[in-house]
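query_7.txt follows (compact mmCIF, C-alpha atoms and all ligand atoms):
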```txt
# COMPACT_ATOMS: atom_id res chain seq x y z
CA MET K 1 -27.49 5.18 -4.01
CA ASN K 2 -25.45 8.11 -5.33
CA ILE K 3 -21.74 8.16 -4.69
CA LEU K 4 -19.44 11.06 -5.46
CA VAL K 5 -16.06 9.75 -6.60
CA THR K 6 -13.35 12.39 -6.67
CA GLY K 7 -10.46 11.43 -8.92
CA GLY K 8 -12.76 8.90 -10.56
CA ALA K 9 -10.85 9.06 -13.85
CA GLY K 10 -7.56 8.19 -12.15
CA TYR K 11 -5.98 4.79 -11.81
CA ILE K 12 -7.60 3.49 -8.63
CA GLY K 13 -10.67 5.73 -8.89
CA SER K 14 -11.61 4.44 -12.35
CA HIS K 15 -11.41 0.78 -11.35
CA THR K 16 -13.50 1.58 -8.28
CA CYS K 17 -16.13 3.33 -10.43
CA ILE K 18 -16.45 0.09 -12.39
CA ALA K 19 -16.90 -1.93 -9.20
CA LEU K 20 -19.48 0.55 -7.89
CA LEU K 21 -21.47 0.63 -11.14
CA ASN K 22 -21.41 -3.16 -11.34
CA ALA K 23 -22.68 -3.31 -7.76
CA GLY K 24 -25.65 -1.11 -8.74
CA TYR K 25 -24.56 2.28 -7.39
CA SER K 26 -24.91 5.56 -9.27
CA VAL K 27 -21.59 7.29 -9.75
CA ILE K 28 -20.81 10.98 -10.01
CA ILE K 29 -17.18 11.63 -10.90
CA ALA K 30 -15.44 14.87 -9.93
CA ASP K 31 -12.06 15.15 -11.61
CA ASN K 32 -9.98 17.95 -13.08
CA PHE K 33 -8.23 15.53 -15.46
CA THR K 34 -4.80 16.99 -14.70
CA ASN K 35 -3.10 13.67 -14.14
CA CYS K 36 -5.35 11.32 -16.10
CA ASN K 37 -7.05 10.90 -19.41
CA ARG K 38 -10.63 12.10 -19.82
CA GLU K 39 -11.21 9.21 -22.28
CA THR K 40 -11.18 6.98 -19.20
CA VAL K 41 -14.71 8.13 -18.38
CA ASN K 42 -15.95 6.75 -21.73
CA LYS K 43 -14.05 3.54 -21.15
CA ILE K 44 -15.75 3.06 -17.77
CA VAL K 45 -19.08 3.42 -19.56
CA ASP K 46 -17.98 1.00 -22.34
CA ILE K 47 -16.88 -1.62 -19.83
CA THR K 48 -19.91 -1.43 -17.55
CA LYS K 49 -22.55 -0.43 -20.14
CA LYS K 50 -23.86 1.90 -17.46
CA LYS K 51 -24.29 5.64 -17.42
CA LEU K 52 -22.50 7.94 -15.03
CA HIS K 53 -22.25 11.67 -14.36
CA PHE K 54 -19.01 13.57 -14.44
CA HIS K 55 -17.98 17.10 -13.56
CA GLU K 56 -14.69 18.69 -14.49
CA VAL K 57 -13.84 20.40 -11.22
CA ASP K 58 -10.95 20.95 -8.90
CA VAL K 59 -11.87 19.41 -5.58
CA THR K 60 -10.21 22.27 -3.69
CA ASN K 61 -12.82 24.60 -5.23
CA GLU K 62 -15.40 24.78 -2.47
CA ARG K 63 -18.05 26.48 -4.57
CA SER K 64 -17.95 23.84 -7.32
CA ILE K 65 -18.01 21.02 -4.79
CA ASN K 66 -20.99 22.57 -3.01
CA GLU K 67 -22.80 22.78 -6.35
CA ILE K 68 -22.38 19.03 -6.80
CA PHE K 69 -23.61 18.31 -3.27
CA LYS K 70 -26.63 20.55 -3.93
CA ARG K 71 -27.42 18.96 -7.28
CA TYR K 72 -27.29 15.29 -6.29
CA LYS K 73 -28.68 13.63 -3.24
CA LEU K 74 -25.44 11.98 -2.27
CA ASP K 75 -25.24 8.91 -0.07
CA GLY K 76 -21.49 8.91 0.20
CA VAL K 77 -18.16 10.21 -1.00
CA MET K 78 -15.04 8.38 -2.07
CA HIS K 79 -12.10 10.73 -2.13
CA PHE K 80 -9.32 9.58 -4.48
CA ALA K 81 -8.31 12.89 -6.03
CA GLY K 82 -4.81 13.93 -5.04
CA HIS K 83 -1.25 14.41 -6.10
CA LYS K 84 0.74 11.22 -5.63
CA ALA K 85 4.33 11.48 -6.84
CA ILE K 86 6.78 11.32 -3.98
CA GLY K 87 9.66 13.02 -5.83
CA GLU K 88 7.45 15.82 -7.11
CA SER K 89 6.14 16.40 -3.59
CA LEU K 90 9.69 17.22 -2.46
CA GLU K 91 10.00 19.80 -5.25
CA LYS K 92 6.52 21.30 -4.83
CA PRO K 93 5.54 20.84 -1.20
CA LEU K 94 3.12 23.76 -1.21
CA ASN K 95 1.17 22.25 -4.12
CA TYR K 96 0.98 18.93 -2.35
CA TYR K 97 -0.10 20.24 1.04
CA TYR K 98 -2.60 22.62 -0.54
CA ASN K 99 -4.15 20.21 -2.99
CA ASN K 100 -4.25 17.08 -0.86
CA VAL K 101 -5.21 18.62 2.48
CA VAL K 102 -7.58 21.35 1.27
CA SER K 103 -9.52 18.89 -0.92
CA THR K 104 -10.12 16.71 2.15
CA LEU K 105 -11.25 19.74 4.18
CA VAL K 106 -13.59 20.97 1.44
CA LEU K 107 -15.25 17.57 1.13
CA ALA K 108 -15.55 17.01 4.87
CA LYS K 109 -17.13 20.43 5.26
CA ALA K 110 -19.61 19.72 2.46
CA CYS K 111 -20.48 16.33 3.98
CA LEU K 112 -21.38 18.02 7.26
CA LYS K 113 -23.29 20.81 5.53
CA TYR K 114 -25.34 18.51 3.29
CA ASN K 115 -25.70 15.59 5.72
CA VAL K 116 -23.69 13.08 3.73
CA ASN K 117 -22.34 10.64 6.29
CA ARG K 118 -20.35 7.99 4.48
CA PHE K 119 -16.85 8.99 3.51
CA ILE K 120 -14.04 6.80 2.18
CA PHE K 121 -10.55 8.20 2.06
CA SER K 122 -7.59 6.99 -0.05
CA SER K 123 -4.65 6.78 2.26
CA SER K 124 -1.38 4.97 1.84
CA ALA K 125 0.86 2.50 3.60
CA THR K 126 3.47 5.21 3.41
CA VAL K 127 2.03 6.64 6.66
CA TYR K 128 3.61 3.73 8.58
CA GLY K 129 7.09 5.03 7.75
CA ASP K 130 9.81 2.54 8.59
CA ASN K 131 7.82 0.53 11.14
CA LYS K 132 8.37 -3.16 11.72
CA THR K 133 6.51 -5.39 9.23
CA PRO K 134 3.79 -6.47 8.98
CA PHE K 135 2.14 -3.09 9.37
CA VAL K 136 -0.89 -3.13 11.66
CA GLU K 137 -3.51 -0.36 11.81
CA THR K 138 -2.90 0.20 15.53
CA MET K 139 0.80 1.03 15.08
CA THR K 140 2.05 4.48 15.97
CA LEU K 141 2.73 6.19 12.67
CA LEU K 142 6.31 7.20 11.97
CA PRO K 143 7.28 10.27 9.97
CA THR K 144 7.35 9.69 6.24
CA THR K 145 10.27 11.00 4.24
CA ASN K 146 8.27 13.29 1.96
CA PRO K 147 5.43 15.84 1.83
CA TYR K 148 3.17 13.44 -0.09
CA GLY K 149 3.23 10.99 2.81
CA GLU K 150 2.66 13.79 5.30
CA THR K 151 -0.45 14.97 3.41
CA LYS K 152 -1.90 11.48 3.82
CA ALA K 153 -1.05 11.30 7.53
CA MET K 154 -2.46 14.81 8.03
CA SER K 155 -5.68 14.07 6.16
CA GLU K 156 -6.12 10.96 8.29
CA ARG K 157 -5.73 12.99 11.50
CA ILE K 158 -8.19 15.60 10.29
CA LEU K 159 -10.80 12.98 9.42
CA VAL K 160 -10.41 11.14 12.73
CA ASP K 161 -10.90 14.40 14.66
CA ILE K 162 -13.93 15.39 12.58
CA ALA K 163 -15.47 11.93 13.05
CA ASN K 164 -14.91 12.11 16.82
CA ALA K 165 -16.79 15.41 16.98
CA ASN K 166 -19.57 14.32 14.61
CA PRO K 167 -20.74 10.81 15.48
CA GLN K 168 -23.18 10.66 12.58
CA LEU K 169 -20.18 10.37 10.25
CA GLN K 170 -19.04 6.95 9.05
CA ILE K 171 -15.51 7.34 7.75
CA SER K 172 -13.28 4.61 6.36
CA ILE K 173 -9.61 5.41 5.89
CA LEU K 174 -8.08 2.88 3.51
CA ARG K 175 -4.33 2.46 3.55
CA TYR K 176 -3.31 1.11 0.16
CA PHE K 177 -0.19 -0.96 -0.22
CA ASN K 178 1.24 -1.18 -3.76
CA PRO K 179 -1.55 -1.20 -6.35
CA VAL K 180 -0.66 -2.80 -9.70
CA GLY K 181 -2.53 -4.56 -12.51
CA ALA K 182 -5.32 -3.30 -14.71
CA HIS K 183 -8.87 -4.12 -15.73
CA GLU K 184 -8.97 -7.48 -17.52
CA SER K 185 -10.44 -5.80 -20.62
CA GLY K 186 -7.06 -4.10 -21.10
CA LEU K 187 -8.94 -0.82 -21.59
CA ILE K 188 -7.98 0.99 -18.41
CA GLY K 189 -4.91 0.87 -16.23
CA GLU K 190 -2.10 3.03 -14.95
CA THR K 191 -0.70 5.66 -17.32
CA PRO K 192 2.17 7.43 -15.59
CA ASN K 193 3.42 10.73 -16.95
CA GLY K 194 6.94 10.52 -18.37
CA ILE K 195 9.36 7.95 -17.02
CA PRO K 196 7.57 5.87 -14.39
CA ASN K 197 8.67 6.07 -10.76
CA ASN K 198 6.95 2.88 -9.73
CA LEU K 199 8.24 -0.59 -10.35
CA MET K 200 5.43 -2.27 -12.32
CA PRO K 201 4.92 0.46 -14.94
CA TYR K 202 8.69 0.60 -15.36
CA VAL K 203 8.81 -3.16 -15.90
CA THR K 204 6.00 -3.09 -18.49
CA GLN K 205 7.73 -0.29 -20.41
CA VAL K 206 10.98 -2.29 -20.43
CA ALA K 207 9.00 -5.31 -21.66
CA LYS K 208 7.62 -3.17 -24.47
CA GLY K 209 11.09 -1.97 -25.41
CA LYS K 210 10.27 1.63 -24.57
CA LEU K 211 12.84 1.66 -21.76
CA LYS K 212 16.10 -0.24 -22.07
CA ARG K 213 16.59 -1.83 -18.71
CA LEU K 214 15.22 -1.71 -15.21
CA LYS K 215 17.34 -0.27 -12.43
CA VAL K 216 16.94 -2.31 -9.27
CA PHE K 217 17.40 0.17 -6.44
CA GLY K 218 19.73 -1.71 -4.09
CA ASN K 219 20.32 -5.35 -3.24
CA ASP K 220 21.74 -4.89 0.22
CA TYR K 221 18.54 -4.62 2.26
CA ALA K 222 17.81 -7.11 5.03
CA THR K 223 15.24 -8.96 2.90
CA VAL K 224 14.94 -12.37 1.26
CA ASP K 225 17.32 -11.47 -1.61
CA GLY K 226 18.49 -8.00 -0.62
CA THR K 227 16.00 -6.11 -2.81
CA GLY K 228 13.02 -4.10 -1.53
CA VAL K 229 9.94 -6.05 -0.47
CA ARG K 230 6.44 -4.69 -1.10
CA ASP K 231 2.85 -5.87 -0.80
CA TYR K 232 1.55 -5.66 -4.39
CA ILE K 233 -2.22 -5.71 -4.65
CA HIS K 234 -4.30 -6.02 -7.81
CA VAL K 235 -6.19 -2.79 -8.47
CA LEU K 236 -9.41 -4.78 -9.00
CA ASP K 237 -9.11 -6.25 -5.50
CA LEU K 238 -8.48 -2.77 -4.19
CA ALA K 239 -11.61 -1.54 -5.99
CA ASP K 240 -13.66 -4.34 -4.39
CA GLY K 241 -12.23 -3.30 -1.02
CA HIS K 242 -13.83 0.12 -1.46
CA VAL K 243 -17.23 -1.38 -2.16
CA ALA K 244 -16.85 -3.59 0.93
CA ALA K 245 -15.87 -0.57 3.03
CA PHE K 246 -18.86 1.37 1.74
CA GLN K 247 -21.22 -1.48 2.56
CA ASN K 248 -19.82 -2.13 6.04
CA THR K 249 -19.73 1.27 7.61
CA SER K 250 -20.19 2.18 11.24
CA SER K 251 -20.06 5.35 13.26
CA GLY K 252 -16.67 7.00 13.66
CA ALA K 253 -13.46 6.80 11.66
CA ARG K 254 -12.11 3.32 11.00
CA ILE K 255 -8.78 2.53 9.42
CA PHE K 256 -8.08 -0.49 7.22
CA ASN K 257 -5.02 -1.83 5.46
CA LEU K 258 -5.81 -2.92 1.91
CA GLY K 259 -3.07 -5.27 0.83
CA THR K 260 -2.55 -8.99 0.33
CA GLY K 261 -0.43 -9.53 3.42
CA LYS K 262 2.28 -11.03 1.24
CA GLY K 263 5.65 -9.42 0.55
CA THR K 264 7.32 -9.74 -2.87
CA SER K 265 10.88 -8.58 -3.57
CA VAL K 266 11.89 -6.67 -6.69
CA LEU K 267 13.70 -9.72 -8.06
CA GLU K 268 10.73 -11.95 -7.27
CA LEU K 269 8.46 -9.56 -9.14
CA ILE K 270 10.76 -9.51 -12.17
CA ASN K 271 10.82 -13.29 -12.12
CA ALA K 272 7.02 -13.53 -11.80
CA PHE K 273 6.58 -11.09 -14.70
CA GLU K 274 8.98 -13.03 -16.92
CA LYS K 275 7.24 -16.33 -16.19
CA ALA K 276 3.69 -14.96 -16.50
CA ASN K 277 4.32 -13.24 -19.82
CA GLY K 278 7.27 -15.12 -21.34
CA ILE K 279 9.36 -11.95 -21.70
CA LYS K 280 12.86 -11.29 -20.37
CA ILE K 281 13.31 -8.11 -18.34
CA PRO K 282 16.89 -6.85 -18.53
CA TYR K 283 17.97 -5.20 -15.28
CA GLU K 284 20.96 -3.88 -13.42
CA ILE K 285 21.52 -3.40 -9.71
CA THR K 286 22.10 0.24 -8.78
CA ASN K 287 22.30 2.26 -5.56
CA ARG K 288 19.40 2.46 -3.16
CA ARG K 289 16.79 5.12 -3.92
CA SER K 290 16.72 7.70 -1.17
CA GLY K 291 13.66 7.50 1.08
CA ASP K 292 12.98 3.81 0.31
CA ILE K 293 12.42 1.35 3.11
CA ALA K 294 13.48 -2.31 3.03
CA SER K 295 10.14 -3.92 3.57
CA CYS K 296 6.46 -2.96 3.52
CA TYR K 297 3.58 -5.39 3.79
CA ALA K 298 0.24 -5.45 5.52
CA ASP K 299 -1.42 -7.26 8.33
CA VAL K 300 -4.75 -7.75 6.56
CA SER K 301 -6.72 -9.40 9.34
CA LYS K 302 -8.80 -6.33 10.26
CA ALA K 303 -10.24 -5.84 6.75
CA LYS K 304 -11.04 -9.52 6.56
CA ARG K 305 -12.71 -9.54 9.95
CA GLU K 306 -14.64 -6.28 9.75
CA LEU K 307 -15.25 -5.82 6.02
CA ASP K 308 -15.41 -9.45 5.00
CA TRP K 309 -12.96 -8.55 2.25
CA GLU K 310 -9.65 -10.03 1.19
CA ALA K 311 -7.52 -9.78 -1.93
CA LYS K 312 -8.08 -12.71 -4.30
CA ARG K 313 -5.76 -12.15 -7.25
CA ASP K 314 -2.18 -13.36 -7.22
CA ILE K 315 1.04 -11.89 -8.53
CA VAL K 316 0.68 -13.80 -11.83
CA SER K 317 -2.61 -12.11 -12.69
CA MET K 318 -1.17 -8.76 -11.59
CA CYS K 319 1.72 -9.23 -14.05
CA LYS K 320 -0.50 -10.49 -16.87
CA ASP K 321 -3.07 -7.72 -16.52
CA SER K 322 -0.44 -4.97 -16.26
CA TRP K 323 1.22 -6.26 -19.43
CA ARG K 324 -2.05 -6.62 -21.35
CA PHE K 325 -2.86 -3.00 -20.64
CA GLU K 326 0.62 -1.79 -21.62
CA GLN K 327 0.40 -3.65 -24.92
CA ASN K 328 -2.95 -2.02 -25.68
CA LEU K 329 -1.63 1.49 -25.11
CA LYS K 330 -1.13 3.41 -28.31
CA GLU K 331 2.31 4.92 -28.73
CA ASN K 332 0.86 8.42 -28.90
CA THR K 333 -0.56 8.11 -25.43
CA PHE K 334 2.95 8.17 -23.95
N1 LIG K 401 12.05 -0.09 -7.55
C1 LIG K 401 13.16 -0.40 -8.31
N2 LIG K 401 13.30 0.19 -9.54
C2 LIG K 401 12.40 1.07 -10.02
C3 LIG K 401 11.26 1.39 -9.24
C4 LIG K 401 11.14 0.80 -8.01
O1 LIG K 401 14.00 -1.19 -7.91
O2 LIG K 401 12.59 1.58 -11.14
C5 LIG K 401 11.87 -0.76 -6.26
C6 LIG K 401 11.83 0.20 -5.08
O3 LIG K 401 13.13 0.46 -4.59
C7 LIG K 401 10.95 -0.57 -4.10
C8 LIG K 401 9.98 -1.34 -5.00
O4 LIG K 401 10.62 -1.39 -6.27
O5 LIG K 401 11.71 -1.50 -3.38
C9 LIG K 401 8.63 -0.66 -5.16
O6 LIG K 401 8.81 0.69 -5.54
P1 LIG K 401 7.61 1.59 -6.06
O7 LIG K 401 8.19 2.91 -6.46
O8 LIG K 401 6.82 0.87 -7.08
O9 LIG K 401 6.67 1.74 -4.79
P2 LIG K 401 6.96 2.32 -3.33
O10 LIG K 401 6.72 1.21 -2.37
O11 LIG K 401 8.23 3.03 -3.26
O12 LIG K 401 5.83 3.42 -3.19
C10 LIG K 401 4.47 3.10 -3.46
C11 LIG K 401 3.75 4.33 -3.98
C12 LIG K 401 3.62 5.36 -2.93
C13 LIG K 401 3.00 4.77 -1.72
C14 LIG K 401 3.72 3.54 -1.26
C15 LIG K 401 2.94 2.87 -0.17
O13 LIG K 401 4.45 4.89 -5.07
O14 LIG K 401 2.80 6.40 -3.38
O15 LIG K 401 3.87 2.61 -2.32
O16 LIG K 401 3.69 1.96 0.50
F1 LIG K 401 3.02 5.68 -0.73
```

So that I can check it, write out the structure of this file as C-alpha cells.
Amino acid sequence: MNILVTGGAGYIGSHTCIALLNAGYSVIIADNFTNCNRETVNKIVDITKKKLHFHEVDVTNERSINEIFKRYKLDGVMHFAGHKAIGESLEKPLNYYYNNVVSTLVLAKACLKYNVNRFIFSSSATVYGDNKTPFVETMTLLPTTNPYGETKAMSERILVDIANANPQLQISILRYFNPVGAHESGLIGETPNGIPNNLMPYVTQVAKGKLKRLKVFGNDYATVDGTGVRDYIHVLDLADGHVAAFQNTSSGARIFNLGTGKGTSVLELINAFEKANGIKIPYEITNRRSGDIASCYADVSKAKRELDWEAKRDIVSMCKDSWRFEQNLKENTF
C-alpha cells in the first residue's frame, strides 16, 4: 500500500516513516525541508534498508500535490507538515493560518478528487486549552492561547465536516501530547532551530554544555511540586500509534489522544534525566511562561480500546534516547 507522508522528514513524520516502512508500506514523502534536514530522508533509508520516494514540495501548492496524487496510486495520506512553534505563531499568524489550514484543505480536496479515503491528521493536545485533566476526546474544546493551536482546532473542524459529508472517508485525527525521545539508532531525532522552546531539547542542550542552565517556568502551579505537568510520549510509540490508526480505520472522522496517560512535572523530568544518564542538569526557577497551563495529560482509553494501541516506553527510555541523539549531533548542525 502506498502512503503519502507530508512532513515526512520532520521529527514525528520521520519516525512514522520508519514504522510504516518496517510494517511493509510504501512511503512517498512530501516535504519542503524548511524546518528539517533533507539528510533525514537518507537516514530513514539507512535505518530501514528500504527504498522510499520523496518530493520537495510545499503542501499548500495544489498543483504539485495533485501531481503526486496522479503519479502514485495512493491508499492513504498522513499529514504531518505544518508550522509548530507557538511563539512564532503569535508573531506570524498569517503564515500559520495559511500554511497549516490551506495544506489540510489542499490534501482533503485531492483525496476526494482521486478517491483516497484514509487520512490521518497530526493534531495536538493544545486544542483542549485549559480543560480539566485528564483530557478526554469528548470534551468541549476551549480556546487555545495562540494561532498555532487555533490552526489545529480549525483543521480538525474542517476534517470532521468533510467526513460527515463524504462517508467514504476514513479520517483519524490524532491529538499528540508531548513527543520526546528519538530513534534508538541515535540517527534521527528532534533538531530545533536556535534555542529550543520545548523542555526536553533544552535539557539535552544543557546536558551537552551548549546551554548553561534550564529555566523552570514557574513553581507555583497547583501540581505535585508546583511545576508544569505534561504527558511525555516517546516518539517511537507515537509513530506506532499512526500505524495502528491506519490499520484500524472506519467511516467518518474519529479523534484519538496519543499519550501515555501519565503526567510528569518539570522537576520530575529533570530528575529522571539525571538518573537515566548520570548527568546533573543545573536549573533555576523563573516566572511562569505566558500561555502555559498547569497540567496536561491524556485519557488514553479510547486509543487502547479502538486502535489496540498503547504507549510502551517509559520516561527513562525517553530520556536516554533523547540524550543519545543529542550526543550524536555534530556541532555544525546547530
Ligand atoms: N518548560 C520549562 N522550561 C523550558 C521549557 C519548558 O520549564 O525551557 C516547561 C513548561 O513550562 C511546561 C513543560 O516544561 O510546563 C513542557 O513545555 P514544552 O514547551 O516542552 O511543551 P508544551 O506542553 O508547552 O507544548 C507542547 C508543544 C506544543 C503542543 C503542546 C501539546 O510544544 O506544540 O505540547 O500539549 F501544542

note - CA of Tyr11 (chain K) and CA of Gly82 (chain K) are separated by 11.4 Å

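Going from CA of Thr16 (chain K) over to CA of Asn328 (chain K), you cover 20.7 Å.
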
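Nearest residue to ligand LIG 401 (chain K), choosing from K:Asn248, K:Ser124, K:Gln205, K:Ser172 and counting only C-alpha atoms and all ligand atoms: K:Ser124.
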
Taking all atoms listed in the file into account, which residues are within 9 Å of ligand LIG 401 (chain K), as a PyMOL selection string? chain K and resi 84-86+123-129+148-149+152+175-180+196-203+214-219+227-232+265-267+269+285-286+288-297

Using all atoms listed in the file, can you tell me which of K:Val57, K:Ser301, K:Thr140, K:Gly8 comes closest to Glu39 (chain K)? K:Gly8

Closest to Glu190 (chain K) among K:Asn131, K:Ser89, K:Thr34, K:Thr204, using all atoms listed in the file? K:Thr204

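Near Val116 (chain K), within a cut-off of 9 Å and counting all atoms listed in the file, sit the residues Phe69, Lys73, Leu74, Asp75, Gly76, Val77, Ala110, Cys111, Leu112 and Leu169 of chain K, with same-chain residues fewer than 4 positions away left out.
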
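Shown here are all protein and nucleic acid residues lying within 8 Å of (-11.1, 17.7, -2.7), with all atoms listed in the file considered: Thr6, Asp58, Val59, Thr60, Asn61, Ile65, His79, Ala81, Gly82, Asn99, Asn100, Val101, Val102, Ser103, Thr104, Leu105, Val106 and Leu107 of chain K.
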
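Closest approach to Val235 (chain K) among K:Arg71, K:Lys330, K:Lys50, K:Lys312: K:Lys312, based on only C-alpha atoms.
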
Within 9 Å of Ala245 (chain K), counting only C-alpha atoms, which residues show up once you throw out same-chain ones fewer than 2 positions away? Write them as number ranges by chain, please. K: 120, 172, 174, 240-243, 247-249, 256, 303, 306-307, 309

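The closest residue to Arg305 (chain K), picked from K:Thr151, K:Asn37, K:Gln168, K:Asn257 and counting only C-alpha atoms, is K:Asn257.
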
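Checking K:Tyr283, K:Tyr221, K:Phe119, K:Tyr97 one by one against Ile270 (chain K), counting only C-alpha atoms, you find the shortest gap at K:Tyr283.
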
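Note that CA of Gln170 (chain K) and CA of Phe246 (chain K) are 9.2 Å apart.
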